[in-house]
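J.: See target_8.cif below, with mmCIF, C-alpha atoms and all ligand atoms.
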```cif
data_work
#
loop_
_atom_site.label_atom_id
_atom_site.label_comp_id
_atom_site.auth_asym_id
_atom_site.auth_seq_id
_atom_site.Cartn_x
_atom_site.Cartn_y
_atom_site.Cartn_z
CA MET A 719 -230.94 -18.30 7.81
CA THR A 720 -229.15 -17.69 4.54
CA ASP A 721 -225.63 -18.85 3.72
CA LYS A 722 -223.10 -18.27 0.96
CA CYS A 723 -224.85 -20.62 -1.43
CA SER A 724 -228.40 -19.45 -0.79
CA PRO A 725 -229.87 -18.34 -4.13
CA ILE A 726 -229.80 -14.79 -5.46
CA GLY A 727 -233.35 -13.67 -6.22
CA PHE A 728 -234.16 -11.70 -9.36
CA PHE A 729 -237.53 -10.23 -10.28
CA ASP A 730 -239.15 -8.27 -13.04
CA SER A 731 -242.68 -7.82 -14.33
CA GLY A 732 -242.01 -10.58 -16.86
CA VAL A 733 -239.25 -11.66 -19.21
CA GLY A 734 -237.13 -8.47 -19.20
CA GLY A 735 -235.02 -9.27 -16.16
CA ILE A 736 -233.90 -12.53 -17.75
CA SER A 737 -231.42 -10.41 -19.73
CA VAL A 738 -229.95 -9.21 -16.43
CA LEU A 739 -230.01 -12.71 -14.93
CA LYS A 740 -228.05 -14.08 -17.90
CA THR A 741 -225.49 -11.28 -17.60
CA ALA A 742 -225.06 -12.05 -13.89
CA PHE A 743 -224.84 -15.78 -14.57
CA ASN A 744 -222.09 -15.20 -17.17
CA LEU A 745 -220.16 -13.24 -14.56
CA MET A 746 -220.92 -15.59 -11.63
CA PRO A 747 -221.68 -19.08 -12.99
CA ASN A 748 -221.19 -20.75 -9.61
CA GLU A 749 -224.02 -18.95 -7.85
CA ASN A 750 -227.56 -20.32 -7.42
CA TYR A 751 -230.41 -18.20 -8.79
CA ILE A 752 -234.17 -17.92 -8.52
CA TYR A 753 -235.95 -15.75 -11.10
CA TYR A 754 -239.49 -14.53 -10.45
CA GLY A 755 -241.42 -13.07 -13.38
CA ASP A 756 -244.55 -11.25 -12.24
CA SER A 757 -246.21 -11.77 -15.63
CA LYS A 758 -249.70 -11.71 -14.14
CA ASN A 759 -249.14 -8.03 -13.35
CA ALA A 760 -247.15 -6.96 -16.43
CA PRO A 761 -246.67 -4.30 -17.57
CA TYR A 762 -245.55 -2.37 -14.49
CA GLY A 763 -244.69 0.63 -16.64
CA GLN A 764 -248.27 1.80 -17.06
CA LYS A 765 -249.16 1.54 -13.36
CA SER A 766 -249.10 4.15 -10.60
CA GLU A 767 -246.10 4.54 -8.30
CA GLU A 768 -248.13 3.14 -5.38
CA GLU A 769 -249.14 0.06 -7.34
CA ILE A 770 -245.56 -0.57 -8.47
CA LYS A 771 -244.35 -0.24 -4.87
CA GLN A 772 -246.85 -2.83 -3.70
CA LEU A 773 -246.05 -5.22 -6.55
CA SER A 774 -242.32 -4.91 -5.83
CA LEU A 775 -242.85 -5.62 -2.13
CA ASP A 776 -244.97 -8.64 -3.06
CA ALA A 777 -242.27 -9.91 -5.44
CA GLY A 778 -239.69 -9.42 -2.70
CA LYS A 779 -241.85 -11.50 -0.37
CA VAL A 780 -242.03 -14.34 -2.90
CA LEU A 781 -238.24 -14.30 -3.27
CA PHE A 782 -237.74 -14.09 0.48
CA GLY A 783 -239.78 -17.29 0.70
CA TYR A 784 -237.04 -18.98 -1.36
CA GLY A 785 -234.46 -17.99 1.26
CA VAL A 786 -232.53 -15.63 -1.02
CA LYS A 787 -229.29 -13.99 0.16
CA ALA A 788 -229.80 -10.91 -2.06
CA ILE A 789 -232.50 -9.43 -4.27
CA VAL A 790 -231.86 -7.94 -7.70
CA MET A 791 -234.59 -5.62 -8.93
CA ALA A 792 -234.06 -6.47 -12.59
CA CYS A 793 -236.49 -3.76 -13.60
CA ASN A 794 -235.88 -0.03 -14.02
CA THR A 795 -239.55 0.74 -13.40
CA ALA A 796 -239.67 -1.13 -10.09
CA THR A 797 -236.39 0.49 -9.03
CA SER A 798 -237.67 3.97 -9.75
CA ALA A 799 -240.78 3.47 -7.66
CA ALA A 800 -239.73 1.09 -4.94
CA VAL A 801 -236.01 0.66 -4.26
CA LYS A 802 -236.18 2.76 -1.11
CA ILE A 803 -239.05 0.85 0.46
CA MET A 804 -237.53 -2.48 -0.63
CA ARG A 805 -234.32 -1.63 1.23
CA GLN A 806 -236.28 -0.62 4.31
CA ARG A 807 -238.36 -3.80 4.25
CA TYR A 808 -235.77 -6.47 3.43
CA ASN A 809 -232.74 -6.93 5.56
CA ILE A 810 -230.55 -8.35 2.77
CA PRO A 811 -228.72 -6.56 -0.05
CA VAL A 812 -231.15 -5.14 -2.62
CA ILE A 813 -229.42 -4.36 -5.92
CA SER A 814 -231.28 -2.11 -8.30
CA MET A 815 -230.97 -0.67 -11.77
CA GLU A 816 -231.48 2.66 -13.42
CA PRO A 817 -231.15 3.83 -17.03
CA ALA A 818 -227.45 4.06 -17.98
CA VAL A 819 -227.60 7.77 -18.78
CA LYS A 820 -224.23 8.68 -17.23
CA PRO A 821 -221.95 6.88 -19.70
CA ALA A 822 -224.22 7.84 -22.61
CA LEU A 823 -223.71 11.55 -21.85
CA GLU A 824 -220.05 11.20 -22.86
CA VAL A 825 -221.11 10.64 -26.45
CA GLU A 826 -221.42 13.52 -28.89
CA GLY A 827 -225.01 14.34 -29.90
CA LYS A 828 -228.33 13.84 -28.16
CA VAL A 829 -229.11 10.90 -25.91
CA VAL A 830 -232.44 9.16 -26.41
CA VAL A 831 -233.70 7.28 -23.36
CA LEU A 832 -236.25 4.61 -24.17
CA ALA A 833 -238.02 3.50 -21.00
CA THR A 834 -241.48 2.80 -19.66
CA PRO A 835 -243.88 5.72 -19.18
CA ALA A 836 -243.65 5.17 -15.39
CA THR A 837 -239.84 5.32 -15.31
CA VAL A 838 -239.55 8.56 -17.25
CA SER A 839 -242.22 10.27 -15.15
CA GLN A 840 -240.92 9.26 -11.73
CA ASN A 841 -239.02 11.53 -9.37
CA ARG A 842 -236.12 9.16 -8.90
CA TYR A 843 -235.24 9.12 -12.60
CA ASN A 844 -235.75 12.87 -13.00
CA GLY A 845 -233.52 13.40 -9.96
CA LEU A 846 -230.82 11.36 -11.72
CA LEU A 847 -231.06 13.61 -14.81
CA GLN A 848 -230.73 16.67 -12.59
CA ARG A 849 -227.72 15.29 -10.72
CA LEU A 850 -226.06 14.57 -14.06
CA SER A 851 -226.95 18.04 -15.37
CA ALA A 852 -228.34 16.29 -18.42
CA GLY A 853 -230.36 19.35 -19.47
CA ASP A 854 -231.77 19.17 -22.98
CA LYS A 855 -229.12 16.70 -24.12
CA VAL A 856 -231.47 13.88 -23.08
CA ILE A 857 -234.70 13.11 -24.92
CA ASN A 858 -237.00 10.83 -22.90
CA ILE A 859 -239.41 8.57 -24.71
CA GLY A 860 -241.98 6.64 -22.69
CA CYS A 861 -242.54 3.56 -24.81
CA SER A 862 -246.06 2.44 -24.00
CA GLY A 863 -246.87 -0.86 -25.66
CA LEU A 864 -243.31 -2.05 -26.32
CA VAL A 865 -243.12 -4.28 -23.24
CA GLU A 866 -246.37 -5.96 -24.28
CA LEU A 867 -244.97 -6.75 -27.74
CA ILE A 868 -241.89 -8.33 -26.17
CA GLU A 869 -243.88 -10.23 -23.52
CA ASP A 870 -246.02 -11.67 -26.31
CA GLY A 871 -242.97 -12.68 -28.35
CA HIS A 872 -243.52 -10.16 -31.17
CA THR A 873 -239.82 -9.40 -31.38
CA ASP A 874 -239.28 -9.74 -35.14
CA ALA A 875 -237.50 -6.84 -36.84
CA ASP A 876 -240.55 -5.74 -38.87
CA THR A 877 -242.84 -5.42 -35.86
CA ILE A 878 -240.28 -3.58 -33.75
CA SER A 879 -239.27 -1.25 -36.62
CA ARG A 880 -242.93 -0.39 -37.20
CA TYR A 881 -243.28 0.36 -33.50
CA LEU A 882 -240.22 2.64 -33.63
CA ASP A 883 -241.54 4.38 -36.77
CA GLY A 884 -244.58 5.40 -34.78
CA ARG A 885 -242.76 6.33 -31.60
CA LEU A 886 -239.61 8.15 -32.77
CA THR A 887 -241.04 10.74 -35.15
CA VAL A 888 -240.54 13.31 -32.35
CA LEU A 889 -236.79 13.04 -32.93
CA GLY A 890 -237.02 14.89 -36.25
CA ASN A 891 -233.57 15.70 -37.58
CA GLU A 892 -231.76 15.64 -34.24
CA LYS A 893 -228.24 14.26 -34.27
CA ILE A 894 -228.60 11.20 -32.03
CA GLY A 895 -225.34 10.04 -30.50
CA ALA A 896 -226.70 7.36 -28.19
CA VAL A 897 -229.74 5.39 -27.16
CA VAL A 898 -230.18 4.18 -23.60
CA LEU A 899 -232.29 1.07 -23.16
CA GLY A 900 -233.97 2.07 -19.91
CA CYS A 901 -236.11 -1.05 -19.60
CA THR A 902 -234.74 -4.55 -19.27
CA HIS A 903 -237.25 -5.95 -21.76
CA TYR A 904 -235.69 -3.89 -24.57
CA SER A 905 -232.46 -5.91 -24.43
CA PHE A 906 -234.34 -8.64 -26.27
CA VAL A 907 -234.74 -6.32 -29.28
CA GLU A 908 -231.45 -4.44 -28.93
CA LYS A 909 -230.11 -5.54 -32.33
CA THR A 910 -233.21 -4.25 -34.13
CA ILE A 911 -233.13 -0.95 -32.23
CA ALA A 912 -229.43 -0.50 -33.02
CA LYS A 913 -229.93 -1.26 -36.71
CA TYR A 914 -232.94 1.05 -36.88
CA MET A 915 -231.07 3.96 -35.27
CA LYS A 916 -228.04 3.52 -37.51
CA ALA A 917 -230.17 3.34 -40.67
CA ASN A 918 -232.49 6.25 -39.78
CA TYR A 919 -230.44 8.61 -37.60
CA ASN A 920 -226.73 8.09 -37.25
CA GLU A 921 -224.43 5.30 -38.41
CA GLY A 922 -222.34 5.88 -35.27
CA CYS A 923 -225.24 5.74 -32.78
CA LYS A 924 -224.24 3.83 -29.65
CA ILE A 925 -226.46 1.72 -27.40
CA PHE A 926 -226.20 1.67 -23.59
CA ASP A 927 -227.98 -0.31 -20.92
CA GLY A 928 -227.55 -1.09 -17.24
CA LYS A 929 -227.35 -4.86 -17.09
CA GLN A 930 -223.57 -5.30 -16.97
CA GLY A 931 -223.28 -2.51 -14.38
CA THR A 932 -225.93 -4.22 -12.24
CA ALA A 933 -224.18 -7.60 -12.46
CA ASN A 934 -220.85 -5.96 -11.54
CA GLN A 935 -222.48 -4.24 -8.59
CA LEU A 936 -223.97 -7.54 -7.41
CA LEU A 937 -220.55 -9.21 -7.57
CA HIS A 938 -218.96 -6.32 -5.71
CA ILE A 939 -221.53 -6.45 -2.89
CA LEU A 940 -221.28 -10.24 -2.50
CA GLN A 941 -217.48 -10.02 -2.43
CA ASN A 942 -217.56 -7.29 0.21
CA LYS A 943 -219.89 -9.34 2.37
CA GLY A 944 -217.89 -12.56 1.92
CA MET A 945 -221.00 -14.13 0.34
CA ILE A 946 -219.60 -15.60 -2.88
CA CYS A 947 -220.74 -19.16 -3.66
CA MET A 948 -218.54 -21.54 -5.64
CA GLN A 949 -220.98 -24.34 -6.35
CA THR A 950 -220.66 -26.63 -9.40
CA PRO A 951 -223.05 -27.21 -10.99
CA SER A 952 -225.14 -24.30 -9.81
CA ARG A 953 -228.96 -24.15 -9.89
CA ILE A 954 -231.22 -21.76 -11.75
CA GLU A 955 -234.89 -21.90 -10.95
CA PHE A 956 -237.75 -19.96 -12.55
CA ALA A 957 -241.10 -18.98 -11.02
CA THR A 958 -244.01 -16.89 -12.25
CA SER A 959 -247.21 -15.33 -10.98
CA GLY A 960 -248.77 -15.93 -14.39
CA ASP A 961 -249.38 -18.86 -16.71
CA PRO A 962 -247.24 -21.85 -15.61
CA ASN A 963 -246.21 -22.25 -19.28
CA ASN A 964 -244.15 -19.12 -18.73
CA ILE A 965 -241.54 -21.22 -16.95
CA GLN A 966 -240.55 -22.97 -20.15
CA LYS A 967 -240.57 -19.66 -22.03
CA TYR A 968 -238.30 -18.11 -19.38
CA GLN A 969 -235.91 -21.05 -19.58
CA GLU A 970 -235.72 -20.85 -23.36
CA LEU A 971 -235.13 -17.10 -23.31
CA PHE A 972 -232.41 -17.54 -20.70
CA GLU A 973 -230.65 -20.13 -22.82
CA SER A 974 -230.93 -18.23 -26.10
CA PHE A 975 -230.03 -14.76 -24.80
N1 LIG B 1001 -238.64 -4.52 -17.49
C1 LIG B 1001 -239.14 -3.40 -16.79
C2 LIG B 1001 -238.13 -2.26 -16.72
O1 LIG B 1001 -236.95 -2.47 -16.78
C3 LIG B 1001 -240.48 -2.84 -17.16
C4 LIG B 1001 -241.52 -3.70 -17.68
C5 LIG B 1001 -242.93 -3.28 -17.47
O2 LIG B 1001 -243.37 -2.19 -17.86
O3 LIG B 1001 -243.60 -4.11 -16.92
O4 LIG B 1001 -238.52 -1.13 -16.57
#
```
Translate this structure into structure tokens?
Ligand code: DGL
T.:
Amino acid sequence: MTDKCSPIGFFDSGVGGISVLKTAFNLMPNENYIYYGDSKNAPYGQKSEEEIKQLSLDAGKVLFGYGVKAIVMACNTATSAAVKIMRQRYNIPVISMEPAVKPALEVEGKVVVLATPATVSQNRYNGLLQRLSAGDKVINIGCSGLVELIEDGHTDADTISRYLDGRLTVLGNEKIGAVVLGCTHYSFVEKTIAKYMKANYNEGCKIFDGKQGTANQLLHILQNKGMICMQTPSRIEFATSGDPNNIQKYQELFESF
């Protein structure tokens, strides 16, 4: 049985979802949290939809074992492939995330969505673009290799700028109004991406991502269900499927983000 102060479970393929966890913690500091990073299986973004579904169900099972009152899929890739089956399988609120394309469409100029190859190829994401009538205003870029750089801690400006040099040549002389960070890992290099876009494309380029929206949605659902916890101090626990040294890395990233 869960109660108001049962933990909220977050998962991602690795460190990315820690950016969402921190955003939720800033909004709800009196909740208890358990974060599960499936680093052994990262990256999700280069796997098939079926594999990502299975990995998401497995991660849900791990979190369920901690007696969580809600699950946050802090991963756009996992959401795209598996949110439906997660909601069928787990009888608690499952909060998900998707690339924040909607607000970005308000901006003048093209919208570049940086996400994993799996996210941009999946039906769920393409259905979102259709519902928003995004047409050719959106340019999707599947960023293979970027998650690996971030997982391995290669987040310095030179490395990330070199990566972007190689990946963004397709943009040519387009007027870019906004970039959507469609993968939670990319929040750890947001400043470099923003600086790069301003220097190379448009001084006014705006950056969007879904983490605040996801945290707000979590709060809204817990309020509606009368499931808000007001514990002081609250607990944050980290778990991983990979190297146990990840736990310390996760903690440090959480504190410094
Ligand atoms: N952080 C995940 C996301 O938001 C993807 C990471 C991966 O490819 O494993 O899509």
J.: Quick one: contact table of chain A to ligand LIG 1001 (chain B), 10 Å max, nearest atom pair and distance in Å to one decimal per residue, counting only C-alpha atoms and all ligand atoms, chain and number order, as CSV?
T.:
```
residue,atom,partner,partner_atom,distance
A:Phe729,CA,B:LIG1001,N1,9.3
A:Asp730,CA,B:LIG1001,N1,5.8
A:Ser731,CA,B:LIG1001,O3,4.6
A:Gly732,CA,B:LIG1001,O3,6.7
A:Val733,CA,B:LIG1001,N1,7.4
A:Gly734,CA,B:LIG1001,N1,4.6
A:Gly735,CA,B:LIG1001,N1,6.1
A:Ile736,CA,B:LIG1001,N1,9.3
A:Ser737,CA,B:LIG1001,N1,9.6
A:Val738,CA,B:LIG1001,O1,9.7
A:Gly755,CA,B:LIG1001,O3,9.9
A:Asp756,CA,B:LIG1001,O3,8.6
A:Ser757,CA,B:LIG1001,O3,8.2
A:Asn759,CA,B:LIG1001,O3,7.7
A:Ala760,CA,B:LIG1001,O3,4.6
A:Pro761,CA,B:LIG1001,O3,3.1
A:Tyr762,CA,B:LIG1001,O3,3.6
A:Gly763,CA,B:LIG1001,O2,3.3
A:Gln764,CA,B:LIG1001,O2,6.4
A:Lys765,CA,B:LIG1001,O2,8.2
A:Ile770,CA,B:LIG1001,O3,9.4
A:Met791,CA,B:LIG1001,O1,8.8
A:Ala792,CA,B:LIG1001,O1,6.5
A:Cys793,CA,B:LIG1001,O1,3.5
A:Asn794,CA,B:LIG1001,O4,3.8
A:Thr795,CA,B:LIG1001,O4,3.8
A:Ala796,CA,B:LIG1001,O4,6.6
A:Thr797,CA,B:LIG1001,O4,8.0
A:Ser798,CA,B:LIG1001,O4,8.6
A:Met815,CA,B:LIG1001,O1,8.0
A:Glu816,CA,B:LIG1001,O1,8.2
A:Pro817,CA,B:LIG1001,O1,8.6
A:Leu832,CA,B:LIG1001,O4,9.8
A:Ala833,CA,B:LIG1001,O4,6.4
A:Thr834,CA,B:LIG1001,O2,5.6
A:Pro835,CA,B:LIG1001,O2,8.0
A:Ala836,CA,B:LIG1001,O2,7.8
A:Thr837,CA,B:LIG1001,O4,6.7
A:Val838,CA,B:LIG1001,O4,9.8
A:Cys861,CA,B:LIG1001,O2,9.1
A:Ser862,CA,B:LIG1001,O2,8.1
A:Gly863,CA,B:LIG1001,O2,8.7
A:Leu864,CA,B:LIG1001,O2,8.5
A:Val865,CA,B:LIG1001,O2,5.8
A:Glu866,CA,B:LIG1001,O2,8.0
A:Ile868,CA,B:LIG1001,C4,9.7
A:Glu869,CA,B:LIG1001,O3,9.0
A:Leu899,CA,B:LIG1001,O1,8.7
A:Gly900,CA,B:LIG1001,O1,6.3
A:Cys901,CA,B:LIG1001,O1,3.3
A:Thr902,CA,B:LIG1001,O1,3.9
A:His903,CA,B:LIG1001,N1,4.7
A:Tyr904,CA,B:LIG1001,N1,7.7
A:Ser905,CA,B:LIG1001,N1,9.4
A:Gly928,CA,B:LIG1001,O1,9.5
A:Lys929,CA,B:LIG1001,O1,9.9
```
J.: Work out how far atom CA of Ala875 of chain A is from atom CA of Val830 of chain A, in Å to one decimal.
T.: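 These atoms are spaced 19.8 Å apart.
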J.: Skip Thr950 of chain A itself and residues of its chain fewer than 2 positions away, then list as a PyMOL selection string all residues within 9 Å of it, counting only C-alpha atoms.
T.: chain A and resi 747-749+948+952-953
J.: Within 12 Å of Tyr808 of chain A, counting only C-alpha atoms, which residues qualify if same-chain residues fewer than 4 places away don't, as a PDB file with C-alpha atoms, keeping the file's coordinate frame?
T.:
```pdb
ATOM      1  CA  SER A 774    -242.320  -4.910  -5.830  1.00  0.00           C
ATOM      2  CA  LEU A 775    -242.850  -5.620  -2.130  1.00  0.00           C
ATOM      3  CA  ASP A 776    -244.970  -8.640  -3.060  1.00  0.00           C
ATOM      4  CA  ALA A 777    -242.270  -9.910  -5.440  1.00  0.00           C
ATOM      5  CA  GLY A 778    -239.690  -9.420  -2.700  1.00  0.00           C
ATOM      6  CA  LYS A 779    -241.850 -11.500  -0.370  1.00  0.00           C
ATOM      7  CA  VAL A 780    -242.030 -14.340  -2.900  1.00  0.00           C
ATOM      8  CA  LEU A 781    -238.240 -14.300  -3.270  1.00  0.00           C
ATOM      9  CA  PHE A 782    -237.740 -14.090   0.480  1.00  0.00           C
ATOM     10  CA  GLY A 783    -239.780 -17.290   0.700  1.00  0.00           C
ATOM     11  CA  GLY A 785    -234.460 -17.990   1.260  1.00  0.00           C
ATOM     12  CA  VAL A 786    -232.530 -15.630  -1.020  1.00  0.00           C
ATOM     13  CA  LYS A 787    -229.290 -13.990   0.160  1.00  0.00           C
ATOM     14  CA  ALA A 788    -229.800 -10.910  -2.060  1.00  0.00           C
ATOM     15  CA  ILE A 789    -232.500  -9.430  -4.270  1.00  0.00           C
ATOM     16  CA  VAL A 790    -231.860  -7.940  -7.700  1.00  0.00           C
ATOM     17  CA  ALA A 800    -239.730   1.090  -4.940  1.00  0.00           C
ATOM     18  CA  VAL A 801    -236.010   0.660  -4.260  1.00  0.00           C
ATOM     19  CA  LYS A 802    -236.180   2.760  -1.110  1.00  0.00           C
ATOM     20  CA  ILE A 803    -239.050   0.850   0.460  1.00  0.00           C
ATOM     21  CA  MET A 804    -237.530  -2.480  -0.630  1.00  0.00           C
ATOM     22  CA  VAL A 812    -231.150  -5.140  -2.620  1.00  0.00           C
ATOM     23  CA  ILE A 813    -229.420  -4.360  -5.920  1.00  0.00           C
TER      24      ILE A 813
END
```
J.: Between A:Leu867, A:Leu886, A:Val829, A:Ile752, single out the one closest to Gly853 of chain A, counting all atoms listed in the file.
T.: A:Val829
